[in-house]
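The structure appears right after this line, and notes come after that.
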Amino acid sequence: MNKIAKLFITFISALTLTLTSITSSFAKVEGDMIVLGSAISLTGKYSSNGVHTQNGYNMAVDRINSMGGVKVGGKSYKFEIIYYDDESNPKRAAQLAERLIKQDGVHYMLGPYSSGLTKAIAPVTEKYKIPMVEANGASRSLFTKGYKYLFAVLSPANQYLEVAIDLAVEKNGGKGVKIAQAFEQDAFSQDVRLGILDAAKRTGSKIIIDDKLPKELNDMAATLAKVKATKPDVLVVSGHTKGALTAIRQISEMKVDVPMLAMTHCDAAKLSKQHGKKSEYALCASQWHKNLSYKDKFFGGGKKYDKDFKKEFGYAPPYQSAESSAALLVFKDAFERANSFDRDKVRDALKATDMQTFYGNIKFGPGGQNIAKPMILFQVRCKGDSCENKVVAPTKWASDKFFHPIPPWSERG
Amino acid sequence: MGKVKQKDLILYSGLIILGLAAPYLFSAFKVQLTYLCVLIVLAMTWNLQGGEMGYNSFGNILFYGLGMYLTASVQVGMFFPLAEWTESGGEKTFVHTTAQYFQGIGVGLLVAAIIPALVAGAIGYAILGLRGHYFAICTLGLGIAAGEIAGGIEIIGAGQGFTTPPFPAEIVDPEARGKFFYFTSFIVLVLAFIFVKYIYGSRFRLILNAIRDNEDKAEAMGIQTMKYKIVGWMVSAFFCGLAGGIMGGLIGYIDSTDVAFDGREMGVFMVLMAILGGKGTLWGPIIGATLFHFFKEGLWTFILGWQYVALGVLIVVIVIYFPEGLMGWLREKYPERFGEVVDEKDRKSQVELK
């Protein structure tokens, strides 16, 4: 009996000691470091985009730190990020956000990858009044919850492919078109779907196929069989990186002829590289493209960012990386304008952000979404065997004409 | 006998005091502690089938997810139109008052306990006739199917997910939410423990064991095995539903396959924890869940990106070196402590034989 009691006391005191020492070992600003926290998908279904996001963050941290850091109160500070792996799981993400804030003492957060995970983290950051600049949560419902500490550098998801429908209608002589659509069952893709529904209503188009696809999208043959039978004017597919790869693979295997194919995540999936000519003519929504003419002093312009990123990570930056880098530029700018580490002052400074980065203009609307930057559409075009993404809309940046309709497979080499 | 009871009393009161003091002692770890309580409840109730009854169920996640959706739906539905709350895009904002929030979650948890239990009864009636691997595979399907179905039901948010009501803003203390969920989960844990402990001292457990050891003989002895199997599963479902309801409120966002019917993680974890600690024992799942949680929280961040590899190695180690779990291993090493009478001569002769 005595033994048990003693054991208990030792156990508890040991536990208390270790846990309390862990809690106090971090702080928001340590020496000349500003510590940011982020839960990132390094494993699981979003792992490839999670890594794009992380690379974007790291690239910006290195660049800002090497170019003088963040100047607050006459002193220069450097950024540092604590990462955890959220395993592409919202439950884990919420838990890690709590952990970053409570145990690691993080006072400023960077967003995770995907809308679903951002949805899970936002209530936590909101509760503790932690400003979060996120670059990869585009779902519209994030911006209608009245969150005060959430800032997104990207355009909301419902805007992704609306323009594509407008283009299709324009090519159809202003008359409504027949739309076939297939979306993964996740927060982001379902929001893209809402955008299409709005666009269809607005243009008097008809939706003839409206499929929901499972997560971890590896097969959409059933949808494509229907497309073959019903011959729609536009096929819209959205399901993150895997969705884009699966769609192209199966469309080319099944030789599905459709005049227009609109998708998301083409550049994150490196479609033009992985599938080459098979992916030609795919129309893709993107938050950013290297050919855009925006500039800032850290990364220069889009083309320079593209070059530097390639040098550091060995692949062309998808927009997920670009927007992630931009998130840090926003934080730096806000810290310097607030000239303080007070969370509410930083938050107010974030709210008042109005700047240009290599990624685009950034200004936050009342819900926290970026309202200063349009979405762009690019089309995969090939010369011989090398394929490239060419911007086709909006016209201001278009480098190529939108090619329509897609020639049938029987005529493609 | 009296002596043993006194010992137990000290142990239990010590644990309860620890449990009550924990959120104040380790204030920063409240969320992890809540997870721990929930994990223990899941492991303990899984053990009723997997350990005591010998029916390895991968389907308990069904009740967990069901409880999660039910709690959130009731909490919202009692005061606001559920369809508008979950409507994709969520243009409208509804705010629960403090009273509404707690009433909602209270009723929600009650529903989340009862309905999964009833569902378990109904499903159990249909599938508990299956044995061994067939039962395991069948229940595995249940969890997966439920996730896909939930992902298609618009009124609970479908693929968009379901944002559960935020903790009332009128309560200013940022710690209040953590405390509330911790104590709720702790109460559920204590209830579950009392119940399981009671079962361990009853004839019911012996019947479950008889089913595990030889179901045909048990039937031949006049035990209506089906009845007991169903009741056993309903008990598990009751607590799984409660655990799910709490987790839904805590996480704040329900996704059909990643949070609610999360067979890939929670569904596997509950089995793993029970086996790690030693299935078929009262304390095994508790110890297993605690160790597992510490392992996961402590180690995983140091091996970023490799945590699942480490988990795989852990599973292999458990299966090879502790096939009976930690409790089983201890039992083999120190049988006296478990009240087993060991014949010294017999033990010696065994040693000599080697």
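By order in the structure tokens, chains are A, B, ...; within a chain, residues start at 1; ligands start at 1, following the order shown.
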DSSP alpha helix (DSSP H) selection over segment 30-186 of chain A, as a ChimeraX atom specification: /A:47-66,90-102,115-127,162-171
Taking only C-alpha atoms into account, produce a table as a tab-separated table in which each residue of chain B with an atom at most 9 Å from an atom of chain A appears once, together with its shortest atom pair and the distance in Å to one decimal, ordered by chain and rising number.
residue	atom	partner	partner_atom	distance
B:Gln6	CA	A:Met1	CA	8.4
B:Lys7	CA	A:Met1	CA	5.9
B:Ile10	CA	A:Ala5	CA	7.9
B:Leu11	CA	A:Ile4	CA	7.7
B:Gly14	CA	A:Phe8	CA	7.9
B:Leu18	CA	A:Ile12	CA	8.4
B:Leu25	CA	A:Thr16	CA	7.0
B:Phe26	CA	A:Leu19	CA	6.9
B:Ser27	CA	A:Lys102	CA	8.6
B:Ala28	CA	A:Lys102	CA	5.2
B:Phe29	CA	A:Gln103	CA	7.3
B:Val31	CA	A:Gln95	CA	7.1
B:Gln32	CA	A:Gln95	CA	7.7
B:Ser88	CA	A:Ser141	CA	7.4
B:Gly89	CA	A:Ser141	CA	4.5
B:Gly90	CA	A:Ser141	CA	5.4
B:Glu91	CA	A:Thr144	CA	5.8
B:Lys92	CA	A:Thr144	CA	7.6
B:Thr93	CA	A:Lys145	CA	6.5
B:Glu148	CA	A:Pro214	CA	7.5
B:Gly151	CA	A:Gln185	CA	6.8
B:Gly152	CA	A:Lys212	CA	8.0
B:Ala158	CA	A:Gln185	CA	7.5
B:Gly159	CA	A:Gln185	CA	4.2
B:Gln160	CA	A:Ala187	CA	4.0
B:Gly161	CA	A:Ala187	CA	6.6
B:Thr163	CA	A:Lys119	CA	7.9
B:Pro166	CA	A:Pro123	CA	7.4
B:Phe167	CA	A:Lys127	CA	8.8
B:Ala169	CA	A:Lys127	CA	8.9
B:Pro174	CA	A:Tyr128	CA	6.6
B:Met247	CA	A:Lys91	CA	8.9
B:Leu250	CA	A:Ala94	CA	8.9
B:Ile251	CA	A:Lys91	CA	6.0
B:Gly252	CA	A:Ala120	CA	6.4
B:Tyr253	CA	A:Ala120	CA	5.4
B:Ile254	CA	A:Pro90	CA	8.2
B:Asp255	CA	A:Pro90	CA	7.5
B:Thr257	CA	A:Lys215	CA	8.5
B:Asp258	CA	A:Asn89	CA	5.9
B:Val259	CA	A:Lys91	CA	5.7
B:Trp300	CA	A:Asp85	CA	8.7
B:Thr301	CA	A:Tyr84	CA	6.3
B:Leu304	CA	A:Asp85	CA	6.3
B:Gly305	CA	A:Leu42	CA	5.7
B:Trp306	CA	A:Thr43	CA	8.4
B:Gln307	CA	A:Asp85	CA	9.0
B:Tyr308	CA	A:Thr43	CA	8.7
Can I get the selection written as a compact mmCIF listing (two decimals), in the first residue's frame, with C-alpha atoms?
# COMPACT_ATOMS: atom_id res chain seq x y z
CA GLN B 6 -8.33 -1.08 0.73
CA LYS B 7 -5.52 -1.22 -1.78
CA ILE B 10 -6.32 3.98 -2.59
CA LEU B 11 -5.58 3.28 -6.22
CA GLY B 14 -5.58 8.36 -6.36
CA LEU B 18 -5.20 12.73 -10.52
CA LEU B 25 -1.63 20.55 -13.23
CA PHE B 26 -1.03 20.24 -16.95
CA SER B 27 -3.08 23.15 -18.14
CA ALA B 28 -1.46 23.28 -21.56
CA PHE B 29 -2.23 19.62 -22.21
CA VAL B 31 -6.77 18.67 -25.27
CA GLN B 32 -4.32 15.78 -25.21
CA SER B 88 -22.75 24.45 -48.50
CA GLY B 89 -21.17 27.82 -48.42
CA GLY B 90 -22.81 28.57 -45.10
CA GLU B 91 -23.81 32.15 -45.84
CA LYS B 92 -25.92 32.47 -42.72
CA THR B 93 -24.45 32.69 -39.29
CA GLU B 148 -19.16 7.04 -47.79
CA GLY B 151 -20.32 11.93 -47.28
CA GLY B 152 -23.39 11.99 -49.50
CA ALA B 158 -21.93 15.88 -47.07
CA GLY B 159 -18.44 16.30 -48.50
CA GLN B 160 -18.21 19.85 -47.19
CA GLY B 161 -18.08 18.63 -43.63
CA THR B 163 -18.81 22.64 -38.49
CA PRO B 166 -18.53 27.04 -31.60
CA PHE B 167 -18.16 27.27 -27.83
CA ALA B 169 -18.51 33.45 -26.92
CA PRO B 174 -10.26 30.71 -23.09
CA MET B 247 -14.73 14.43 -29.93
CA LEU B 250 -13.84 19.21 -29.32
CA ILE B 251 -12.53 19.06 -32.88
CA GLY B 252 -15.14 21.52 -34.07
CA TYR B 253 -15.28 20.17 -37.59
CA ILE B 254 -16.67 16.84 -38.72
CA ASP B 255 -15.49 15.32 -41.93
CA THR B 257 -14.26 9.89 -43.58
CA ASP B 258 -11.38 11.68 -41.86
CA VAL B 259 -12.95 12.62 -38.55
CA TRP B 300 5.80 11.60 -33.44
CA THR B 301 6.93 15.16 -33.69
CA LEU B 304 8.25 14.14 -38.72
CA GLY B 305 6.97 12.34 -41.78
CA TRP B 306 8.08 8.93 -40.50
CA GLN B 307 5.59 8.51 -37.70
CA TYR B 308 3.61 5.84 -39.48
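The space between atom CA of Ala168 of chain A and atom CA of Tyr319 of chain A spans 24.1 Å.
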Pairwise distance for atom CA of Asn361 of chain A and atom CA of Tyr294 of chain A, rounded to one decimal in Å: 7.6 Å
Å distance separating atom CA of Val380 of chain A from atom CA of Ser272 of chain A, one decimal place: 6.6 Å
Nearest candidate to Gln75 of chain B (options B:Thr290, B:Asn47, B:Gln103, B:Ser185; using only C-alpha atoms):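 When distances to Gln75 of chain B are compared using only C-alpha atoms, the smallest one comes from B:Gln103.
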Near-Pro116 of chain B list (12 Å; only C-alpha atoms; drop same-chain fewer than 4 positions) as a VMD selection string: chain B and resid 59 to 71 109 to 112 120 to 124 233 to 245
